[in-house]
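So this block is entry-v1.txt, compact mmCIF, C-alpha atoms and all ligand atoms:
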# COMPACT_ATOMS: atom_id res chain seq x y z
CA MET L 1 34.86 79.99 26.62
CA GLU L 2 33.89 79.27 30.23
CA ASN L 3 31.43 76.51 30.98
CA ASP L 4 29.12 76.87 33.94
CA GLY L 5 28.17 73.28 34.66
CA ALA L 6 25.08 73.76 36.88
CA GLN L 7 23.07 76.41 35.00
CA ASN L 8 24.19 76.15 31.49
CA PRO L 9 21.95 73.75 29.54
CA TYR L 10 24.72 73.41 26.97
CA SER L 11 27.20 72.38 29.64
CA ASN L 12 28.26 69.26 27.83
CA PHE L 13 28.72 71.11 24.61
CA VAL L 14 32.31 71.76 23.75
CA TYR L 15 32.65 75.05 22.01
CA ASP L 16 35.23 75.03 19.38
CA SER L 17 36.19 77.56 16.84
CA ALA L 18 35.31 76.61 13.30
CA LEU L 19 38.79 77.70 12.43
CA SER L 20 40.51 75.19 14.67
CA VAL L 21 42.27 72.30 13.02
CA GLN L 22 40.28 69.08 13.01
CA GLU L 23 41.96 65.76 13.49
CA GLY L 24 41.10 64.78 9.98
CA VAL L 25 40.37 61.47 8.40
CA ALA L 26 43.19 59.12 7.50
CA GLN L 27 43.62 58.85 3.76
CA PRO L 28 43.42 55.37 2.29
CA GLU L 29 46.86 54.16 1.32
CA GLN L 30 46.19 54.18 -2.34
CA VAL L 31 42.79 54.19 -3.94
CA SER L 32 43.91 51.87 -6.70
CA ASN L 33 44.92 49.17 -4.22
CA PHE L 34 41.36 49.00 -3.08
CA TYR L 35 40.14 48.37 -6.61
CA LEU L 36 42.92 45.95 -7.35
CA GLU L 37 41.91 43.92 -4.32
CA LYS L 38 38.25 44.07 -5.35
CA MET L 39 39.14 42.87 -8.84
CA ARG L 40 41.28 40.09 -7.43
CA GLN L 41 38.39 38.96 -5.24
CA LYS L 42 36.01 39.15 -8.17
CA ARG L 43 38.31 37.00 -10.26
CA ALA L 44 38.66 34.52 -7.42
CA GLN L 45 34.84 34.35 -7.21
CA MET L 46 34.44 33.77 -10.93
CA PRO L 47 33.05 30.28 -11.34
CA SER L 48 35.15 27.79 -13.28
CA PRO L 49 33.95 26.67 -16.74
CA ASP L 50 32.74 23.40 -15.17
CA GLU L 51 30.74 25.28 -12.55
CA LEU L 52 29.26 27.52 -15.22
CA VAL L 53 28.27 24.52 -17.35
CA ASP L 54 26.66 22.78 -14.34
CA GLY L 55 24.78 25.97 -13.54
CA ILE L 56 23.61 26.40 -17.12
CA LEU L 57 22.41 22.80 -17.34
CA GLN L 58 20.41 23.35 -14.16
CA GLY L 59 18.80 26.40 -15.78
CA ASN L 60 20.55 28.87 -13.49
CA ARG L 61 20.08 32.27 -15.16
CA VAL L 62 22.91 33.97 -13.30
CA MET L 63 25.34 31.34 -14.57
CA LEU L 64 23.86 31.63 -18.06
CA SER L 65 24.32 35.40 -18.03
CA ARG L 66 27.89 35.06 -16.83
CA ALA L 67 28.72 32.58 -19.56
CA ILE L 68 27.14 34.89 -22.14
CA THR L 69 29.21 37.79 -20.85
CA MET L 70 32.26 35.61 -21.40
CA VAL L 71 31.17 34.82 -24.97
CA GLU L 72 30.70 38.53 -25.61
CA SER L 73 34.02 39.54 -24.07
CA SER L 74 36.80 40.67 -26.36
CA ARG L 75 39.54 39.30 -24.06
CA PRO L 76 41.38 36.28 -25.49
CA GLU L 77 41.43 34.41 -22.14
CA HIS L 78 37.63 34.73 -22.01
CA HIS L 79 37.42 33.35 -25.55
CA ARG L 80 39.23 30.22 -24.47
CA LEU L 81 36.96 29.73 -21.46
CA ALA L 82 33.86 30.48 -23.54
CA ALA L 83 34.95 27.90 -26.12
CA GLN L 84 35.28 25.26 -23.38
CA ILE L 85 31.83 26.08 -22.02
CA ILE L 86 30.25 25.95 -25.46
CA GLU L 87 31.85 22.60 -26.27
CA GLN L 88 30.43 21.15 -23.07
CA CYS L 89 26.98 22.64 -23.66
CA LEU L 90 26.81 21.50 -27.27
CA PRO L 91 25.47 17.98 -26.58
CA HIS L 92 22.64 19.56 -24.58
CA SER L 93 21.69 22.10 -27.23
CA GLY L 94 19.72 22.03 -30.46
CA LYS L 95 16.39 21.01 -29.00
CA SER L 96 14.63 24.33 -29.38
CA VAL L 97 12.69 25.96 -32.17
CA ARG L 98 14.73 28.88 -33.43
CA LEU L 99 12.56 31.66 -34.71
CA GLY L 100 13.85 34.77 -36.49
CA ILE L 101 11.78 37.95 -36.65
CA THR L 102 12.63 40.85 -38.90
CA GLY L 103 11.00 44.05 -40.07
CA VAL L 104 11.88 47.70 -40.49
CA PRO L 105 12.16 49.85 -37.36
CA GLY L 106 8.63 50.58 -36.15
CA ALA L 107 7.12 47.50 -37.83
CA GLY L 108 6.14 46.26 -34.38
CA LYS L 109 8.77 43.59 -33.73
CA SER L 110 9.19 44.09 -30.01
CA THR L 111 5.45 44.49 -29.40
CA THR L 112 4.79 41.28 -31.34
CA ILE L 113 7.59 39.40 -29.55
CA GLU L 114 6.19 40.52 -26.22
CA ALA L 115 2.68 39.27 -27.13
CA LEU L 116 3.99 36.02 -28.61
CA GLY L 117 6.45 35.48 -25.77
CA LYS L 118 3.81 35.96 -23.09
CA MET L 119 1.49 33.56 -24.86
CA LEU L 120 4.29 30.97 -25.03
CA THR L 121 5.35 31.26 -21.39
CA ALA L 122 1.68 30.85 -20.43
CA LEU L 123 1.84 27.58 -22.38
CA ASN L 124 4.84 26.56 -20.23
CA HIS L 125 7.47 27.26 -22.83
CA LYS L 126 10.76 28.83 -21.87
CA VAL L 127 11.50 31.67 -24.24
CA ALA L 128 14.85 33.36 -24.89
CA VAL L 129 14.85 36.56 -26.92
CA LEU L 130 18.14 37.55 -28.51
CA ALA L 131 18.90 40.35 -30.92
CA ILE L 132 21.25 41.10 -33.78
CA ASP L 133 21.84 44.79 -34.03
CA PRO L 134 25.18 45.64 -35.58
CA SER L 135 24.12 49.27 -35.83
CA SER L 136 25.14 49.87 -32.23
CA GLU L 137 28.82 49.70 -33.09
CA ARG L 138 28.69 51.80 -36.21
CA SER L 139 26.40 54.61 -35.19
CA LYS L 140 27.03 54.40 -31.44
CA GLY L 141 23.29 54.14 -31.04
CA SER L 142 21.30 51.00 -31.56
CA ILE L 143 18.22 50.70 -33.70
CA LEU L 144 16.76 47.96 -31.56
CA GLY L 145 17.82 48.92 -28.09
CA ASP L 146 17.18 52.60 -27.49
CA LYS L 147 13.70 52.28 -26.16
CA THR L 148 12.37 50.38 -23.20
CA ARG L 149 11.33 47.18 -24.78
CA MET L 150 9.27 44.16 -23.82
CA GLU L 151 8.69 45.41 -20.30
CA GLU L 152 6.30 42.66 -19.25
CA LEU L 153 8.18 39.81 -20.88
CA SER L 154 11.42 40.94 -19.26
CA THR L 155 10.00 40.29 -15.79
CA ASP L 156 8.55 36.90 -16.75
CA PRO L 157 10.51 34.15 -14.97
CA ASN L 158 10.19 31.88 -18.01
CA ALA L 159 11.61 34.45 -20.40
CA PHE L 160 15.19 35.58 -20.86
CA ILE L 161 15.91 38.70 -22.87
CA ARG L 162 19.39 39.63 -23.91
CA PRO L 163 20.30 42.65 -26.04
CA SER L 164 22.52 42.33 -29.06
CA PRO L 165 26.20 41.68 -28.44
CA SER L 166 28.14 44.70 -29.60
CA ALA L 167 31.03 43.47 -31.66
CA GLY L 168 32.92 45.36 -34.30
CA SER L 169 31.44 43.59 -37.27
CA LEU L 170 28.22 41.89 -38.26
CA GLY L 171 30.20 38.65 -38.57
CA GLY L 172 31.33 39.01 -34.95
CA VAL L 173 27.81 39.75 -33.70
CA ALA L 174 26.42 36.79 -35.65
CA ARG L 175 29.03 34.37 -34.31
CA LYS L 176 28.40 35.44 -30.73
CA THR L 177 24.63 35.21 -31.15
CA ARG L 178 24.95 31.66 -32.50
CA GLU L 179 26.98 30.70 -29.46
CA ILE L 180 24.47 32.37 -27.13
CA ILE L 181 21.68 30.35 -28.78
CA LEU L 182 23.53 27.15 -27.84
CA LEU L 183 23.97 28.27 -24.24
CA CYS L 184 20.28 29.24 -23.94
CA GLU L 185 19.24 25.86 -25.33
CA ALA L 186 21.47 24.05 -22.87
CA ALA L 187 19.81 26.11 -20.11
CA GLY L 188 16.45 24.65 -21.15
CA PHE L 189 14.98 27.41 -23.31
CA ASP L 190 12.86 25.66 -25.92
CA VAL L 191 11.89 28.66 -28.03
CA ILE L 192 14.65 31.00 -29.14
CA ILE L 193 13.59 34.22 -30.83
CA VAL L 194 16.24 36.15 -32.73
CA GLU L 195 15.14 39.66 -33.54
CA THR L 196 16.80 41.79 -36.15
CA VAL L 197 16.21 44.97 -38.09
CA GLY L 198 15.19 44.56 -41.67
CA VAL L 199 17.81 46.92 -42.99
CA GLY L 200 21.22 46.02 -44.35
CA GLN L 201 22.66 42.58 -43.98
CA SER L 202 21.67 41.70 -40.42
CA GLU L 203 18.61 39.76 -41.55
CA VAL L 204 20.83 37.52 -43.67
CA ALA L 205 22.88 36.79 -40.56
CA ALA L 206 19.74 36.11 -38.50
CA HIS L 207 18.33 33.87 -41.22
CA SER L 208 21.52 31.81 -41.14
CA MET L 209 20.90 30.75 -37.53
CA VAL L 210 17.16 30.12 -37.28
CA ASP L 211 14.72 27.42 -38.39
CA PHE L 212 11.83 29.72 -39.23
CA PHE L 213 12.01 33.29 -40.44
CA LEU L 214 9.10 35.69 -39.94
CA LEU L 215 8.87 38.97 -41.79
CA LEU L 216 6.71 41.74 -40.34
CA GLN L 217 5.42 44.23 -42.87
CA LEU L 218 3.16 47.23 -42.61
CA ALA L 219 0.20 47.67 -44.95
CA ASN L 220 0.33 50.14 -47.76
CA GLN L 221 3.78 51.53 -47.71
CA GLY L 222 3.23 53.60 -50.81
CA ASP L 223 4.31 51.58 -53.78
CA GLU L 224 3.54 48.35 -51.95
CA LEU L 225 6.13 45.74 -52.86
CA GLN L 226 8.54 48.07 -54.58
CA GLY L 227 10.48 49.03 -51.50
CA ILE L 228 11.01 45.53 -50.22
CA LYS L 229 14.17 43.81 -51.11
CA ARG L 230 13.42 40.67 -53.01
CA GLY L 231 16.05 38.87 -50.96
CA ILE L 232 14.16 39.38 -47.71
CA MET L 233 10.94 38.05 -49.19
CA GLU L 234 12.76 34.99 -50.44
CA MET L 235 14.09 34.29 -46.97
CA ALA L 236 10.71 34.58 -45.25
CA ASP L 237 8.83 31.45 -44.13
CA MET L 238 5.85 33.61 -43.16
CA ILE L 239 4.80 37.21 -43.70
CA CYS L 240 2.59 39.13 -41.28
CA ILE L 241 0.92 42.34 -42.35
CA ASN L 242 1.19 43.90 -38.94
CA LYS L 243 -0.86 46.62 -37.18
CA ALA L 244 -3.86 45.32 -39.10
CA ASP L 245 -6.03 46.91 -36.40
CA LEU L 246 -5.37 50.28 -38.02
CA ASP L 247 -7.13 49.48 -41.30
CA SER L 248 -8.09 45.89 -41.96
CA THR L 249 -9.22 46.49 -45.56
CA LYS L 250 -5.92 48.03 -46.48
CA ALA L 251 -4.09 45.23 -44.65
CA GLU L 252 -6.01 42.52 -46.51
CA LEU L 253 -5.35 44.23 -49.84
CA SER L 254 -1.69 44.37 -48.97
CA ALA L 255 -1.66 40.69 -47.94
CA GLN L 256 -3.19 39.78 -51.29
CA GLN L 257 -0.47 41.67 -53.12
CA TYR L 258 2.19 39.76 -51.18
CA ARG L 259 0.51 36.44 -51.93
CA ASN L 260 0.45 37.29 -55.63
CA ALA L 261 4.08 38.33 -55.59
CA LEU L 262 5.11 35.13 -53.79
CA HIS L 263 3.51 33.07 -56.56
CA LEU L 264 6.10 34.48 -58.93
CA PHE L 265 8.97 33.26 -56.77
CA PRO L 266 10.45 29.81 -57.21
CA MET L 267 9.27 27.18 -54.72
CA PRO L 268 11.44 27.43 -51.55
CA GLU L 269 13.87 24.57 -50.93
CA SER L 270 11.82 23.55 -47.89
CA GLY L 271 8.78 22.87 -50.08
CA TRP L 272 6.77 25.05 -47.69
CA THR L 273 4.08 27.42 -48.94
CA VAL L 274 4.74 30.80 -47.31
CA PRO L 275 1.60 32.01 -45.53
CA VAL L 276 0.70 35.71 -45.49
CA ILE L 277 -1.57 36.69 -42.61
CA LEU L 278 -2.81 39.83 -40.87
CA SER L 279 -1.56 40.49 -37.36
CA SER L 280 -1.83 42.98 -34.55
CA ALA L 281 -0.10 42.78 -31.20
CA TYR L 282 -2.70 45.24 -29.88
CA THR L 283 -5.71 43.05 -30.60
CA HIS L 284 -3.71 39.78 -30.55
CA LEU L 285 -4.89 39.09 -34.08
CA GLY L 286 -2.66 36.46 -35.66
CA ILE L 287 -0.41 35.90 -32.64
CA LYS L 288 -1.70 32.38 -32.04
CA GLU L 289 -1.57 31.72 -35.77
CA ILE L 290 2.11 32.63 -35.90
CA TRP L 291 2.84 29.90 -33.36
CA ASN L 292 0.54 27.42 -35.13
CA LYS L 293 2.36 28.06 -38.39
CA VAL L 294 5.76 27.63 -36.72
CA ASN L 295 4.65 24.24 -35.41
CA GLU L 296 3.19 23.25 -38.78
CA TYR L 297 6.42 24.26 -40.46
CA VAL L 298 8.56 22.28 -38.02
CA ALA L 299 6.38 19.17 -38.45
CA PHE L 300 6.34 19.59 -42.24
CA THR L 301 10.09 20.09 -42.60
CA LYS L 302 10.94 17.35 -40.11
CA ALA L 303 8.78 14.99 -42.18
CA ASN L 304 10.46 15.88 -45.46
CA GLY L 305 13.95 16.04 -43.92
CA TYR L 306 14.54 19.70 -44.67
CA PHE L 307 14.65 20.72 -41.00
CA TYR L 308 17.84 18.74 -40.28
CA HIS L 309 19.29 19.38 -43.72
CA HIS L 310 18.91 23.13 -43.11
CA ARG L 311 20.61 22.91 -39.70
CA GLN L 312 23.44 20.88 -41.22
CA GLN L 313 23.86 23.47 -43.97
CA GLN L 314 24.02 26.15 -41.31
CA ALA L 315 26.71 24.19 -39.43
CA LEU L 316 28.78 23.80 -42.61
CA ARG L 317 28.49 27.50 -43.25
CA ILE L 318 29.79 28.19 -39.75
CA LEU L 319 32.79 26.00 -40.56
CA ASP L 320 33.55 28.03 -43.69
CA GLU L 321 33.03 31.34 -41.97
CA THR L 322 35.17 30.38 -39.00
CA ILE L 323 38.02 29.23 -41.20
CA GLU L 324 37.82 32.46 -43.17
CA GLN L 325 37.72 34.58 -40.02
CA THR L 326 40.57 32.68 -38.35
CA LEU L 327 42.81 33.06 -41.39
CA LYS L 328 42.01 36.75 -41.65
CA ASP L 329 42.69 37.33 -37.96
CA ARG L 330 45.95 35.41 -38.17
CA PHE L 331 47.05 37.44 -41.19
CA PHE L 332 46.13 40.87 -39.83
CA ASN L 333 47.39 40.19 -36.31
CA GLN L 334 50.94 39.41 -37.42
CA PRO L 335 53.52 41.69 -35.79
CA GLY L 336 54.29 44.68 -38.00
CA MET L 337 51.44 43.92 -40.41
CA GLU L 338 49.87 47.34 -39.98
CA ASP L 339 53.10 49.04 -41.11
CA ARG L 340 53.60 46.64 -44.00
CA LEU L 341 50.05 47.24 -45.13
CA GLU L 342 50.53 50.98 -44.93
CA ALA L 343 53.71 50.71 -47.04
CA ALA L 344 51.85 48.57 -49.58
CA ARG L 345 48.99 51.09 -49.75
CA GLU L 346 51.46 53.90 -50.43
CA ALA L 347 53.20 51.86 -53.11
CA ILE L 348 49.89 51.21 -54.83
CA LEU L 349 48.80 54.86 -54.67
CA ASP L 350 52.20 55.95 -56.08
CA ASN L 351 51.81 53.45 -58.89
CA ARG L 352 54.95 51.66 -57.83
CA MET L 353 53.12 48.39 -57.46
CA SER L 354 49.85 46.80 -58.49
CA ALA L 355 47.33 45.85 -55.83
CA TYR L 356 47.61 42.20 -56.93
CA ALA L 357 51.38 42.09 -56.59
CA ALA L 358 51.23 43.84 -53.21
CA ALA L 359 48.62 41.40 -51.90
CA GLU L 360 50.60 38.43 -53.12
CA GLN L 361 53.72 39.73 -51.47
CA LEU L 362 51.99 40.37 -48.14
CA VAL L 363 50.30 37.00 -48.06
CA GLY L 364 53.54 35.35 -49.20
CA GLU L 365 55.44 36.98 -46.34
CA GLU L 366 53.17 35.29 -43.84
P1 LIG D 401 9.93 47.72 -33.65
O1 LIG D 401 10.79 48.91 -33.88
O2 LIG D 401 9.73 46.95 -34.91
O3 LIG D 401 10.37 46.85 -32.51
O4 LIG D 401 8.47 48.28 -33.29
P2 LIG D 401 7.73 48.43 -31.89
O5 LIG D 401 7.25 47.12 -31.40
O6 LIG D 401 8.58 49.22 -30.97
O7 LIG D 401 6.45 49.27 -32.32
C1 LIG D 401 6.56 50.54 -32.95
C2 LIG D 401 5.32 51.36 -32.63
O8 LIG D 401 4.17 50.72 -33.18
C3 LIG D 401 5.05 51.49 -31.13
O9 LIG D 401 4.60 52.80 -30.88
C4 LIG D 401 3.97 50.48 -30.87
O10 LIG D 401 3.14 50.85 -29.80
C5 LIG D 401 3.20 50.48 -32.18
N1 LIG D 401 2.57 49.16 -32.44
C6 LIG D 401 3.16 47.97 -32.26
N2 LIG D 401 2.31 46.97 -32.57
C7 LIG D 401 1.15 47.57 -32.97
C8 LIG D 401 -0.12 47.05 -33.41
O11 LIG D 401 -0.37 45.85 -33.50
N3 LIG D 401 -1.04 47.98 -33.76
C9 LIG D 401 -0.81 49.32 -33.68
N4 LIG D 401 -1.79 50.14 -34.05
N5 LIG D 401 0.36 49.81 -33.27
C10 LIG D 401 1.32 48.96 -32.90
Show the structure stored in the file as C-alpha cells.
Amino acid sequence: MENDGAQNPYSNFVYDSALSVQEGVAQPEQVSNFYLEKMRQKRAQMPSPDELVDGILQGNRVMLSRAITMVESSRPEHHRLAAQIIEQCLPHSGKSVRLGITGVPGAGKSTTIEALGKMLTALNHKVAVLAIDPSSERSKGSILGDKTRMEELSTDPNAFIRPSPSAGSLGGVARKTREIILLCEAAGFDVIIVETVGVGQSEVAAHSMVDFFLLLQLANQGDELQGIKRGIMEMADMICINKADLDSTKAELSAQQYRNALHLFPMPESGWTVPVILSSAYTHLGIKEIWNKVNEYVAFTKANGYFYHHRQQQALRILDETIEQTLKDRFFNQPGMEDRLEAAREAILDNRMSAYAAAEQLVGEE
C-alpha cells in the first residue's frame, strides 16, 4: 500500500497484512529451568535453624510460621531441622496456659474461641489457636476448617491462628500439634487454645496436651446425657451449656442434669470440682467466667501440685508414644517389608501359617 505522507493522517501507520509472519517471541530455554532456579533461590533464602529460633524468640510471626511449616512437612530433612529448632525452643516454652476446647460440630467452638480470644487479647494476652482435625486426611474434607472461621480474631495482631496439621494419622497430627505448642510458647504466646471436634478419638489426643479441658454442650439434645460418651465427660474440667441465649430455662435444666451426673463420677485426680455453666458467644454470657475458672483451676492445681504432675505425666506419655512410633516406623520402613508382609498375609489366609508365627518371624527378621 502506498503512503501519501502530507495528506494521509495515518502516514506513520505501517499497513501490514494480518497474514504476514511476525517476528515472534523467543521461547524460554526450558520452562523447568526457570522453576529450578526459583526453587534454588528459595532454598538459599530459607533461614537457618538458628535464625528461625532467634526470630521465634523475638516473636516474629513469619519465622514462627516457617518453623511450623517445617514441623508439618513430611520430608525427612525438614524433620531433622524441625527437631533442632524445637530442642532450642524448649527452654523457652511451657509458660503458657494450655486450654483445650471440644464439642460436636455446630456446638459453637469457633464462635466461643473468637469471643474468648478477643477478650484475652484486649487484656494484653497473646493467644495462639491451634486445631486437631484428623478428619481432613480421611474424608478429604475437614470438620473444623471448611468454613470461614474466627474472622475478627484472625486479623488481631495478638492472636495467631493455625489450622490443623494434616498428617496421615491422629498420632501424627497430635505429635505435630504438641511441637507447634512449644514453638508458639517460645514465641511469647501465653494462652494456647487447642480446638478439636468431639467425635472419635481426637479429643483424647487434645486432652493429652492441655492443662484445662473445656467441653461445650448444647441444651436438650433429646435424651440429654445419653448421647455423650462418658469418657469425654470424665476428661472435662468445665462444661458449658452453650447457646444459652436460645432458651435459658432449657439450658439451666440441662446444666442441672450435668451437675447431677457429675456427682456420680469419681473425684478427678486434680481434686477440682468441675463447674457447669451457661454460655453464649452471642450475648457473651459466661465468656468471662470461662477465663476466671481457668485461672482458678491453674491456681488450685499449682497449689496442690497437680498442674506440674499432669504436665510430667504428659511428657512421659510422649516418651512412650515416640518410642512406639519410632519402632513401628523402623519396622515398616525396612527394605522389602511390604513384600514380606504381603507374603505373610497370603500365608495366613491360606492357613499355611498362624498370625502369631508370621508376626514373630517378621519381627525376628528385623
Ligand atoms: P463449631 O462447629 O463448634 O465451631 O460451631 P460454630 O462456632 O461454627 O457455630 C455453629 C453455629 O452456631 C453458627 O451458625 C453460629 O453462628 C451459631 N452459634 C455459635 N454460638 C452461638 C451462640 O452463642 N448462640 C446462638 N444462638 N448461636 C450460636
Nearest residue to Gln325 of chain L from the set L:Phe300, L:Ser280, L:His310, L:Gly171 (distances using all atoms listed in the file):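 Using all atoms listed in the file, the shortest distance to Gln325 of chain L belongs to L:Gly171.
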Quick one: pull the distance between atom CA of Met337 of chain L and atom CA of Val363 of chain L, Å, one decimal.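 Between these atoms lies a distance of 10.4 Å.
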Identify, on the basis of all atoms listed in the file, every residue whose closest approach to segment 97-101 of chain L does not exceed 10 Å; exclude the query and any residue fewer than 6 positions from it along the same chain; express the result as number ranges by chain. L: 109-110, 112-113, 127-131, 181, 185, 189-198, 203, 206-216, 236-239, 291, 294-295, 298
Could you work out how far atom CA of Thr322 of chain L lies from atom CA of Gln201 of chain L, giving the answer in Å with one decimal?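 Between these atoms lies a distance of 18.2 Å.
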Would you work out the distance separating atom CA of Thr155 of chain L from atom CA of Ile86 of chain L, expressed in Å to one decimal?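 Computed distance, atom CA of Thr155 of chain L to atom CA of Ile86 of chain L, equals 26.6 Å.
Each of L:Val71, L:Met63, L:Ala186, L:Ala219 was checked against ligand LIG 401 (chain D) using all atoms listed in the file; the smallest atom-to-atom distance is that of L:Ala219.
Each of L:Ser270, L:Ser279, L:Asn260, L:Gln314 was checked against ligand LIG 401 (chain D) using only C-alpha atoms and all ligand atoms; the smallest atom-to-atom distance is that of L:Ser279.
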Residues of chain L at most 7 Å from ligand LIG 401 (chain D): nearest atom pair and distance in Å, only C-alpha atoms and all ligand atoms, as JSON lines:
{"residue": "L:Gly103", "atom": "CA", "partner": "D:LIG401", "partner_atom": "O2", "distance": 6.1}
{"residue": "L:Val104", "atom": "CA", "partner": "D:LIG401", "partner_atom": "O2", "distance": 6.0}
{"residue": "L:Pro105", "atom": "CA", "partner": "D:LIG401", "partner_atom": "O1", "distance": 3.9}
{"residue": "L:Gly106", "atom": "CA", "partner": "D:LIG401", "partner_atom": "O1", "distance": 3.6}
{"residue": "L:Ala107", "atom": "CA", "partner": "D:LIG401", "partner_atom": "O2", "distance": 4.0}
{"residue": "L:Gly108", "atom": "CA", "partner": "D:LIG401", "partner_atom": "O4", "distance": 3.3}
{"residue": "L:Lys109", "atom": "CA", "partner": "D:LIG401", "partner_atom": "O2", "distance": 3.7}
{"residue": "L:Ser110", "atom": "CA", "partner": "D:LIG401", "partner_atom": "O5", "distance": 3.9}
{"residue": "L:Thr111", "atom": "CA", "partner": "D:LIG401", "partner_atom": "O5", "distance": 3.8}
{"residue": "L:Thr112", "atom": "CA", "partner": "D:LIG401", "partner_atom": "N2", "distance": 6.3}
{"residue": "L:Leu144", "atom": "CA", "partner": "D:LIG401", "partner_atom": "O1", "distance": 6.5}
{"residue": "L:Asn242", "atom": "CA", "partner": "D:LIG401", "partner_atom": "O11", "distance": 6.0}
{"residue": "L:Lys243", "atom": "CA", "partner": "D:LIG401", "partner_atom": "N3", "distance": 3.7}
{"residue": "L:Ala244", "atom": "CA", "partner": "D:LIG401", "partner_atom": "N3", "distance": 6.6}
{"residue": "L:Asp245", "atom": "CA", "partner": "D:LIG401", "partner_atom": "N3", "distance": 5.7}
{"residue": "L:Leu246", "atom": "CA", "partner": "D:LIG401", "partner_atom": "N4", "distance": 5.3}
{"residue": "L:Ser279", "atom": "CA", "partner": "D:LIG401", "partner_atom": "O11", "distance": 6.7}
{"residue": "L:Ser280", "atom": "CA", "partner": "D:LIG401", "partner_atom": "O11", "distance": 3.4}
{"residue": "L:Ala281", "atom": "CA", "partner": "D:LIG401", "partner_atom": "O11", "distance": 3.8}
{"residue": "L:Tyr282", "atom": "CA", "partner": "D:LIG401", "partner_atom": "O11", "distance": 4.3}
{"residue": "L:Thr283", "atom": "CA", "partner": "D:LIG401", "partner_atom": "O11", "distance": 6.7}
What lies within 12 Å of Ser73 of chain L using only C-alpha atoms, ignoring chain neighbours under 5 positions off, as a list of chain:residue names?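 Near Ser73 of chain L, the qualifying residues are L:Arg66, L:Ala67, L:Ile68, L:His78, L:His79, L:Arg80, L:Leu81, L:Ala82, L:Ala83, L:Pro165, L:Ser166, L:Ala167, L:Gly168, L:Gly172, L:Val173, L:Lys176.
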Between L:Ile290, L:Leu183, L:Met233, L:Leu170, which has the minimum distance to Gly94 of chain L (counting all atoms listed in the file)?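 Closest candidate: L:Leu183.
Proximity to Ala159 of chain L was assessed for L:Gln84, L:Thr273, L:Thr121, L:Gln257 counting all atoms listed in the file; the smallest distance is recorded for L:Thr121.
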Under the rule that only C-alpha atoms are counted, which of L:Leu262, L:Leu218, L:Cys240, L:Leu327 is the nearest residue to Glu289 of chain L?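 Once distances to Glu289 of chain L are computed over only C-alpha atoms, the minimum belongs to L:Cys240.
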Could you work out an axis-aligned box for segment 170-185 of chain L, taking every atom the file lists and adding 4 Å on each side, and report centre and edge lengths in Å to one decimal, as AutoDock Vina command-line options?
--center_x 25.3 --center_y 33.9 --center_z -31.3 --size_x 20.1 --size_y 24.0 --size_z 22.6
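Those residues that approach Arg61 of chain L to within 10 Å, counting all atoms listed in the file, are Gly55, Ile56, Arg66, Ala67, Pro157, Phe160, Cys184 and Ala187 of chain L; same-chain residues fewer than 5 positions away are not listed.
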